[in-house]
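One structure is given here, and the rest of the page talks about it.
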Amino acid sequence: MTKLNENYLKLQSSYLFSTIAKKVAAYKQENPSAEIIRLGIGDVTLPLPSAVIEAMHKAVDEMAVSSSFKGYGPDYGYDFLRQKIVETDYLARGVQITEDEVFISDGAKSDVGNFQEIFDAKASVAITDPVYPVYLDTNVMAGRTGAFKKGKYSKIVYLPCTAKNNFIPLLPKKHVDLIYICSPNNPTGTCLNKEELSKWVEYALNNKSVILFDSAYEAFISEPDIPHSIFEIPGAEKVAVEFRSFSKTAGFTGTRCAYTVVPKALKVFDKEGGEHSLNSLWGRRQSTKFNGVPYIVQKGAEAVYSPEGQKQIKENIAYYMENAKIIREGLRSLGLKIFGGVNAPYIWIKLPKGVTSWDFFGKLLKEANVVGTPGAGFGPCGEGCFRLTAFGSRENTIKAVERIKQLKL
Ligand code: PLP
């Protein structure tokens with residue numbers, strides 16, 4: 001009899017977006033003529049920038065010739081891409097990061113999900129609530145939680161983010177080893193400013209904790225006081241790992257390229273208190289389990305940093321953020337309380353009292369044929385809230401807002 005890792009049995013039914021997809025498919029089957037607008041899943045809709053496409057075409061041609069053909073690439077990514085990342089995303093912003101602290105990968109989802117396996121199975125974990133579900137589920141799989149009861153796993157430290165605290169988490173009252181922070185946040189669209197983020201870095205320094213900082217949406221930041229990188233905060237290089245992605249920044253959701261920064265100053269400890277470099281451990285993990293991102297894809301990612309690439313991604317981001325504005329202003333005119341949508345492509349709606357997020361999902365689907373994401377899917381504090389994304393086409397975004405405006409809320 002082959003036994004399984006029973007932690008998998010603790011996971012809650014299916015992944016949020018599969019549940020939504022099933023509900024939408026069932027509705028569509030019953031109502032085949034319904035013209036459904038999807039503002040639910042956070043996938044981009046604009047095609048890859050032409051600078052990226054040109055670079056990838058060129059790379060494909062290189063693969064056709066023995067002299068330029070590439071087989072296995074370096075496990076941690078090609079130097080040409082690591083160099084551009086360091087220069088543009090860090091040094092240009094005054095942040096000292098070196099190329100050997102950057103690990104190229106096929107996605108922030110896999111990196112942020114895999115990273116926890118380096119830490120002790122008993123490490124205590126804090127996550128903001130609501131938040132991107134991958135942080136929690138991967139720790140459930142690894143056995144760091146107890147049972148799921150009344151919407152929460154025991155042993156996890158949930159950091160409530162609600163309208164009352166403007167979705168800014170308070171520091172935990174007790175010691176935690178691992179802290180997941182997502183800023184700009186998915187799903188609330190809110191961000192930690194320099195002062196707020198500094199408190200977390202200070203907490204981690206005092207507690208010898210590690211912050212797993214997901215800044216997949218940093219390119220959407222428009223306000224000056226919001227750090228793009230946690231390494232803008234002094235001391236963060238001793239306590240934080242940063243996850244970034246080309247998915248939303250440059251339309252790579254289907255192309256797959258991301259990177260993780262693990263500073264060499266960051267140490268973790270064995271049972272005897274001996275120090276170990278997290279950078280070396282992550283390198284060891286990646287070289288064992290990962291064989292690199294395709295050359296063609298990394299060439300595409302490199303082109304994001306060319307002057308044309310930078311111009312094109314900025315135009316695309318501006319397009320999405322104009323959608324965000326249309327949603328924000330449209331829904332605000334209905335008297336709803338709206339968060340996010342300024343430094344992030346997510347608009348977080350506080351629902352009228354007594355309306356649950358799955359009720360609102362059903363109402364929106366049936367009466368407006370618009371798909372959004374119920375806040376409860378991101379954690380217990382997400383109940384009573386609802387997420388819309390700015391990644392639709394302009395036409396669909398306008399249409400969706402007009403339809404929602406017709407609803408009796
Ligand atoms: N992190 C956050 C907060 C996200 O919202 C997402 C995608 O929705 C990811 C990571 C995944 O990024 P990637 O496409 O690079 O795997």
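Following the order of the structure tokens, chains are lettered A, B, ..., residues in each are numbered from 1, and ligands are numbered from 1.
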
(message) Give me the residues near Gly292 of chain A as number ranges by chain, where near means some atom within 8 Å (using only C-alpha atoms) and where sequence neighbours in that chain fewer than 2 positions away do not count.
(response) A: 72-77, 104-106, 290, 294

(request) Run DSSP on the backbone and give me the residues of segment 181-376 of chain A it puts in strand (DSSP E), as a ChimeraX atom specification. (result) /A:181-182,210-214,240-245,258-261,267-269,275-277,337-340,346-350,370-371,373-374

(request) Point out the residue among A:Asp359, A:Val134, A:Lys405, A:Asn369 with the least atom-to-atom distance to Leu336 of chain A, counting only C-alpha atoms. (result)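 Under the stated criterion, the closest residue is A:Lys405.
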
(request) For Glu87 of chain A, please output as a PyMOL selection string all residues within 10 Å (counting only C-alpha atoms; exclusion window: fewer than 6 positions along the same chain). (result) chain A and resi 81+93-99+305

Sorted by chain and rising residue number, which residues of chain A lie within 10 Å of ligand 1, and what are their closest atom pairs and distances in Å to one decimal, counting only C-alpha atoms and all ligand atoms, as JSON lines?
{"residue": "A:Ile41", "atom": "CA", "partner": "ligand 1", "partner_atom_place_in_ligand_line": "8 (O)", "distance": 7.9}
{"residue": "A:Gly42", "atom": "CA", "partner": "ligand 1", "partner_atom_place_in_ligand_line": "8 (O)", "distance": 5.5}
{"residue": "A:Asp43", "atom": "CA", "partner": "ligand 1", "partner_atom_place_in_ligand_line": "8 (O)", "distance": 7.1}
{"residue": "A:Val44", "atom": "CA", "partner": "ligand 1", "partner_atom_place_in_ligand_line": "8 (O)", "distance": 9.8}
{"residue": "A:Ser105", "atom": "CA", "partner": "ligand 1", "partner_atom_place_in_ligand_line": "15 (O)", "distance": 8.4}
{"residue": "A:Asp106", "atom": "CA", "partner": "ligand 1", "partner_atom_place_in_ligand_line": "15 (O)", "distance": 6.9}
{"residue": "A:Gly107", "atom": "CA", "partner": "ligand 1", "partner_atom_place_in_ligand_line": "15 (O)", "distance": 3.5}
{"residue": "A:Ala108", "atom": "CA", "partner": "ligand 1", "partner_atom_place_in_ligand_line": "15 (O)", "distance": 3.7}
{"residue": "A:Lys109", "atom": "CA", "partner": "ligand 1", "partner_atom_place_in_ligand_line": "16 (O)", "distance": 3.6}
{"residue": "A:Ser110", "atom": "CA", "partner": "ligand 1", "partner_atom_place_in_ligand_line": "16 (O)", "distance": 6.1}
{"residue": "A:Asp111", "atom": "CA", "partner": "ligand 1", "partner_atom_place_in_ligand_line": "16 (O)", "distance": 7.8}
{"residue": "A:Val112", "atom": "CA", "partner": "ligand 1", "partner_atom_place_in_ligand_line": "10 (C)", "distance": 7.2}
{"residue": "A:Gly113", "atom": "CA", "partner": "ligand 1", "partner_atom_place_in_ligand_line": "10 (C)", "distance": 9.2}
{"residue": "A:Val131", "atom": "CA", "partner": "ligand 1", "partner_atom_place_in_ligand_line": "3 (C)", "distance": 7.7}
{"residue": "A:Tyr132", "atom": "CA", "partner": "ligand 1", "partner_atom_place_in_ligand_line": "3 (C)", "distance": 5.4}
{"residue": "A:Pro133", "atom": "CA", "partner": "ligand 1", "partner_atom_place_in_ligand_line": "3 (C)", "distance": 8.8}
{"residue": "A:Val134", "atom": "CA", "partner": "ligand 1", "partner_atom_place_in_ligand_line": "1 (N)", "distance": 8.1}
{"residue": "A:Tyr135", "atom": "CA", "partner": "ligand 1", "partner_atom_place_in_ligand_line": "1 (N)", "distance": 9.1}
{"residue": "A:Ile181", "atom": "CA", "partner": "ligand 1", "partner_atom_place_in_ligand_line": "3 (C)", "distance": 9.1}
{"residue": "A:Cys182", "atom": "CA", "partner": "ligand 1", "partner_atom_place_in_ligand_line": "3 (C)", "distance": 6.0}
{"residue": "A:Ser183", "atom": "CA", "partner": "ligand 1", "partner_atom_place_in_ligand_line": "3 (C)", "distance": 7.9}
{"residue": "A:Pro184", "atom": "CA", "partner": "ligand 1", "partner_atom_place_in_ligand_line": "3 (C)", "distance": 8.0}
{"residue": "A:Asn185", "atom": "CA", "partner": "ligand 1", "partner_atom_place_in_ligand_line": "3 (C)", "distance": 6.5}
{"residue": "A:Asn186", "atom": "CA", "partner": "ligand 1", "partner_atom_place_in_ligand_line": "3 (C)", "distance": 5.1}
{"residue": "A:Pro187", "atom": "CA", "partner": "ligand 1", "partner_atom_place_in_ligand_line": "5 (O)", "distance": 7.5}
{"residue": "A:Phe213", "atom": "CA", "partner": "ligand 1", "partner_atom_place_in_ligand_line": "3 (C)", "distance": 9.5}
{"residue": "A:Asp214", "atom": "CA", "partner": "ligand 1", "partner_atom_place_in_ligand_line": "1 (N)", "distance": 5.9}
{"residue": "A:Ser215", "atom": "CA", "partner": "ligand 1", "partner_atom_place_in_ligand_line": "3 (C)", "distance": 7.0}
{"residue": "A:Ala216", "atom": "CA", "partner": "ligand 1", "partner_atom_place_in_ligand_line": "1 (N)", "distance": 5.2}
{"residue": "A:Tyr217", "atom": "CA", "partner": "ligand 1", "partner_atom_place_in_ligand_line": "3 (C)", "distance": 7.2}
{"residue": "A:Phe243", "atom": "CA", "partner": "ligand 1", "partner_atom_place_in_ligand_line": "1 (N)", "distance": 7.7}
{"residue": "A:Arg244", "atom": "CA", "partner": "ligand 1", "partner_atom_place_in_ligand_line": "15 (O)", "distance": 7.1}
{"residue": "A:Ser245", "atom": "CA", "partner": "ligand 1", "partner_atom_place_in_ligand_line": "15 (O)", "distance": 4.5}
{"residue": "A:Phe246", "atom": "CA", "partner": "ligand 1", "partner_atom_place_in_ligand_line": "15 (O)", "distance": 6.4}
{"residue": "A:Ser247", "atom": "CA", "partner": "ligand 1", "partner_atom_place_in_ligand_line": "14 (O)", "distance": 4.8}
{"residue": "A:Lys248", "atom": "CA", "partner": "ligand 1", "partner_atom_place_in_ligand_line": "14 (O)", "distance": 7.3}
{"residue": "A:Thr249", "atom": "CA", "partner": "ligand 1", "partner_atom_place_in_ligand_line": "15 (O)", "distance": 9.6}
{"residue": "A:Gly251", "atom": "CA", "partner": "ligand 1", "partner_atom_place_in_ligand_line": "14 (O)", "distance": 9.3}
{"residue": "A:Phe252", "atom": "CA", "partner": "ligand 1", "partner_atom_place_in_ligand_line": "14 (O)", "distance": 7.2}
{"residue": "A:Thr253", "atom": "CA", "partner": "ligand 1", "partner_atom_place_in_ligand_line": "14 (O)", "distance": 5.0}
{"residue": "A:Gly254", "atom": "CA", "partner": "ligand 1", "partner_atom_place_in_ligand_line": "14 (O)", "distance": 7.9}
{"residue": "A:Thr255", "atom": "CA", "partner": "ligand 1", "partner_atom_place_in_ligand_line": "14 (O)", "distance": 8.9}
{"residue": "A:Arg256", "atom": "CA", "partner": "ligand 1", "partner_atom_place_in_ligand_line": "14 (O)", "distance": 6.5}
{"residue": "A:Cys257", "atom": "CA", "partner": "ligand 1", "partner_atom_place_in_ligand_line": "15 (O)", "distance": 6.3}
{"residue": "A:Ala258", "atom": "CA", "partner": "ligand 1", "partner_atom_place_in_ligand_line": "15 (O)", "distance": 5.3}
{"residue": "A:Tyr259", "atom": "CA", "partner": "ligand 1", "partner_atom_place_in_ligand_line": "15 (O)", "distance": 8.2}
{"residue": "A:Tyr346", "atom": "CA", "partner": "ligand 1", "partner_atom_place_in_ligand_line": "5 (O)", "distance": 9.6}

Quick one: write out the picked residues with C-alpha atoms as a JSON list (two decimals), in the first residue's frame?
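This went into part-v4.json:
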[["chain", "number", "residue", "atom", "x", "y", "z"],
["A", 41, "ILE", "CA", -8.47, 35.79, -13.25],
["A", 42, "GLY", "CA", -5.37, 37.95, -13.29],
["A", 43, "ASP", "CA", -4.22, 37.13, -16.81],
["A", 44, "VAL", "CA", -3.07, 39.74, -19.28],
["A", 105, "SER", "CA", 13.08, 31.07, -13.25],
["A", 106, "ASP", "CA", 9.94, 30.06, -15.11],
["A", 107, "GLY", "CA", 7.63, 31.91, -12.76],
["A", 108, "ALA", "CA", 7.14, 33.67, -9.47],
["A", 109, "LYS", "CA", 4.43, 31.12, -8.66],
["A", 110, "SER", "CA", 6.88, 28.23, -8.67],
["A", 111, "ASP", "CA", 9.62, 30.20, -6.89],
["A", 112, "VAL", "CA", 7.38, 31.56, -4.17],
["A", 113, "GLY", "CA", 5.84, 28.11, -3.79],
["A", 131, "VAL", "CA", -3.56, 37.13, -0.05],
["A", 132, "TYR", "CA", -2.45, 35.19, -3.13],
["A", 133, "PRO", "CA", -3.32, 31.57, -2.14],
["A", 134, "VAL", "CA", -0.03, 29.95, -3.20],
["A", 135, "TYR", "CA", 1.87, 30.99, -0.04],
["A", 181, "ILE", "CA", 4.37, 40.02, 2.12],
["A", 182, "CYS", "CA", 2.86, 40.87, -1.24],
["A", 183, "SER", "CA", 3.16, 44.53, -2.22],
["A", 184, "PRO", "CA", 1.49, 45.72, -4.43],
["A", 185, "ASN", "CA", -0.98, 43.26, -3.05],
["A", 186, "ASN", "CA", -2.99, 40.69, -4.87],
["A", 187, "PRO", "CA", -5.98, 40.83, -4.27],
["A", 213, "PHE", "CA", 8.56, 39.58, -0.51],
["A", 214, "ASP", "CA", 6.45, 39.16, -3.61],
["A", 215, "SER", "CA", 6.64, 42.22, -5.84],
["A", 216, "ALA", "CA", 5.20, 40.67, -8.99],
["A", 217, "TYR", "CA", 3.24, 43.91, -9.53],
["A", 243, "PHE", "CA", 10.21, 37.54, -6.12],
["A", 244, "ARG", "CA", 9.60, 39.35, -9.40],
["A", 245, "SER", "CA", 7.99, 38.31, -12.64],
["A", 246, "PHE", "CA", 7.78, 39.30, -16.30],
["A", 247, "SER", "CA", 4.21, 37.94, -16.36],
["A", 248, "LYS", "CA", 2.27, 41.11, -15.67],
["A", 249, "THR", "CA", 5.12, 43.55, -16.31],
["A", 251, "GLY", "CA", 2.84, 40.01, -20.80],
["A", 252, "PHE", "CA", 4.81, 36.80, -20.13],
["A", 253, "THR", "CA", 2.00, 34.85, -18.41],
["A", 254, "GLY", "CA", 2.08, 32.25, -21.20],
["A", 255, "THR", "CA", 5.77, 32.68, -22.06],
["A", 256, "ARG", "CA", 7.06, 32.11, -18.50],
["A", 257, "CYS", "CA", 9.96, 34.06, -17.07],
["A", 258, "ALA", "CA", 10.55, 35.48, -13.61],
["A", 259, "TYR", "CA", 13.38, 36.00, -11.17],
["A", 346, "TYR", "CA", -6.51, 44.99, -8.92]]

(message) Between A:Val262, A:Cys385, A:Val371, A:Ile398, which residue has the minimum interatomic distance to Ser357 of chain A, considering only C-alpha atoms?
(response)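 Using only C-alpha atoms, the shortest distance to Ser357 of chain A belongs to A:Cys385.
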
(request) Do a neighbour search on Ser68 of chain A at 12 Å with only C-alpha atoms, toss out local chain neighbours closer than 3 positions, and write the hits as a PyMOL selection string. (result) chain A and resi 58-65+71+295-296

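Among A:Asp177, A:Asp100, A:Glu237, A:Glu195, the residue with the shortest atom-to-atom distance to Ser209 of chain A, counting only C-alpha atoms, is A:Asp177.
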
I want to know what sits within 10 Å of Gly151 of chain A, based on only C-alpha atoms, with residues of the same chain fewer than 4 positions away left out; could you give that as an mmCIF file with N, CA and C atoms, in the first residue's frame?
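Wrote selection.cif, looks like this:
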data_model
loop_
_atom_site.group_PDB
_atom_site.id
_atom_site.type_symbol
_atom_site.label_atom_id
_atom_site.label_comp_id
_atom_site.auth_asym_id
_atom_site.auth_seq_id
_atom_site.Cartn_x
_atom_site.Cartn_y
_atom_site.Cartn_z
ATOM 1 N N GLN A 12 -7.892 22.743 0.788
ATOM 2 C CA GLN A 12 -9.306 22.986 0.560
ATOM 3 C C GLN A 12 -9.666 22.783 -0.895
ATOM 4 N N ALA A 376 -13.484 35.921 -0.485
ATOM 5 C CA ALA A 376 -13.313 34.820 0.470
ATOM 6 C C ALA A 376 -12.296 33.800 -0.038
ATOM 7 N N GLY A 379 -8.778 34.271 1.534
ATOM 8 C CA GLY A 379 -8.585 34.233 2.992
ATOM 9 C C GLY A 379 -9.827 34.726 3.701
ATOM 10 N N PRO A 380 -9.979 34.345 4.981
ATOM 11 C CA PRO A 380 -11.204 34.697 5.709
ATOM 12 C C PRO A 380 -11.490 36.192 5.748
ATOM 13 N N CYS A 381 -10.458 37.029 5.811
ATOM 14 C CA CYS A 381 -10.713 38.478 5.839
ATOM 15 C C CYS A 381 -11.158 39.021 4.484
#

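Atom CA of Glu202 of chain A is positioned 19.4 Å from atom CA of Val261 of chain A.
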
(message) Nearest residue to Leu170 of chain A out of A:Tyr153, A:Phe339, A:Phe269, A:Tyr203, using only C-alpha atoms?
(response) A:Tyr203

(message) Can you tell me which residues surround Val176 of chain A at a distance of at most 8 Å, considering only C-alpha atoms, apart from same-chain residues fewer than 3 positions away, and format the answer as an NGL selection string?
(response) :A and (123-126 or 157 or 172 or 179 or 207 or 209)

(message) Quick check, in Å to one decimal: how far apart do atom CA of Trp282 of chain A and atom CA of Asn114 of chain A lie?
(response)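 Between these atoms lies a distance of 9.7 Å.
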
(request) Would you mind listing what lies within 10 Å of Lys10 of chain A as an MDAnalysis selection string, with only C-alpha atoms counted and same-chain residues fewer than 2 positions away left out? (result) chainID A and resid 6:8 12:13 137 140:141 143 145:148 153

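Counting only C-alpha atoms, the residue from A:Phe220, A:Tyr158, A:Phe103, A:Phe386 that sits nearest to Pro345 of chain A is A:Phe220.
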
(message) If I take atom CA of Ser229 of chain A and atom CA of Asn343 of chain A, how far is one from the other in Å, to one decimal?
(response)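 So the answer is 13.7 Å.
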
Using DSSP on the backbone coordinates, identify all residues within segment 43-201 of chain A classified as alpha helix (DSSP H); present the result as an mmCIF file with C-alpha atoms, in the first residue's frame.
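Result saved to selection-v4.cif:
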data_model
loop_
_atom_site.group_PDB
_atom_site.id
_atom_site.type_symbol
_atom_site.label_atom_id
_atom_site.label_comp_id
_atom_site.auth_asym_id
_atom_site.auth_seq_id
_atom_site.Cartn_x
_atom_site.Cartn_y
_atom_site.Cartn_z
ATOM 1 C CA SER A 50 7.030 43.866 -30.462
ATOM 2 C CA ALA A 51 10.565 44.323 -29.056
ATOM 3 C CA VAL A 52 10.148 40.983 -27.238
ATOM 4 C CA ILE A 53 8.697 39.236 -30.292
ATOM 5 C CA GLU A 54 11.570 40.441 -32.510
ATOM 6 C CA ALA A 55 14.165 39.234 -30.002
ATOM 7 C CA MET A 56 12.492 35.850 -29.709
ATOM 8 C CA HIS A 57 12.309 35.446 -33.505
ATOM 9 C CA LYS A 58 16.012 36.177 -33.688
ATOM 10 C CA ALA A 59 16.705 33.653 -30.947
ATOM 11 C CA VAL A 60 14.671 31.006 -32.783
ATOM 12 C CA ASP A 61 16.863 31.559 -35.849
ATOM 13 C CA GLU A 62 19.986 31.188 -33.712
ATOM 14 C CA MET A 63 18.706 27.785 -32.588
ATOM 15 C CA ASP A 79 24.338 36.420 -17.621
ATOM 16 C CA PHE A 80 22.971 38.735 -20.341
ATOM 17 C CA LEU A 81 19.588 38.751 -18.567
ATOM 18 C CA ARG A 82 20.876 38.796 -14.979
ATOM 19 C CA GLN A 83 23.040 41.776 -15.895
ATOM 20 C CA LYS A 84 20.113 43.764 -17.338
ATOM 21 C CA ILE A 85 17.983 42.998 -14.277
ATOM 22 C CA ALA A 108 7.140 33.672 -9.467
ATOM 23 C CA LYS A 109 4.433 31.124 -8.659
ATOM 24 C CA SER A 110 6.875 28.235 -8.675
ATOM 25 C CA ASP A 111 9.617 30.203 -6.887
ATOM 26 C CA VAL A 112 7.378 31.557 -4.166
ATOM 27 C CA GLY A 113 5.838 28.106 -3.795
ATOM 28 C CA ASN A 114 9.127 26.204 -3.793
ATOM 29 C CA VAL A 134 -0.028 29.947 -3.203
ATOM 30 C CA TYR A 135 1.867 30.987 -0.040
ATOM 31 C CA LEU A 136 -0.602 29.232 2.205
ATOM 32 C CA ASP A 137 -1.239 26.108 0.116
ATOM 33 C CA THR A 138 2.450 25.314 -0.346
ATOM 34 C CA ASN A 139 2.978 25.508 3.413
ATOM 35 C CA VAL A 140 -0.045 23.242 3.926
ATOM 36 C CA MET A 141 1.534 20.717 1.538
ATOM 37 C CA LYS A 194 8.537 52.969 2.956
ATOM 38 C CA GLU A 195 7.669 53.602 6.588
ATOM 39 C CA GLU A 196 5.383 50.581 6.831
ATOM 40 C CA LEU A 197 7.798 48.267 5.072
ATOM 41 C CA SER A 198 10.643 49.491 7.284
ATOM 42 C CA LYS A 199 8.725 48.228 10.335
ATOM 43 C CA TRP A 200 8.654 44.744 8.847
ATOM 44 C CA VAL A 201 12.353 44.787 8.064
#
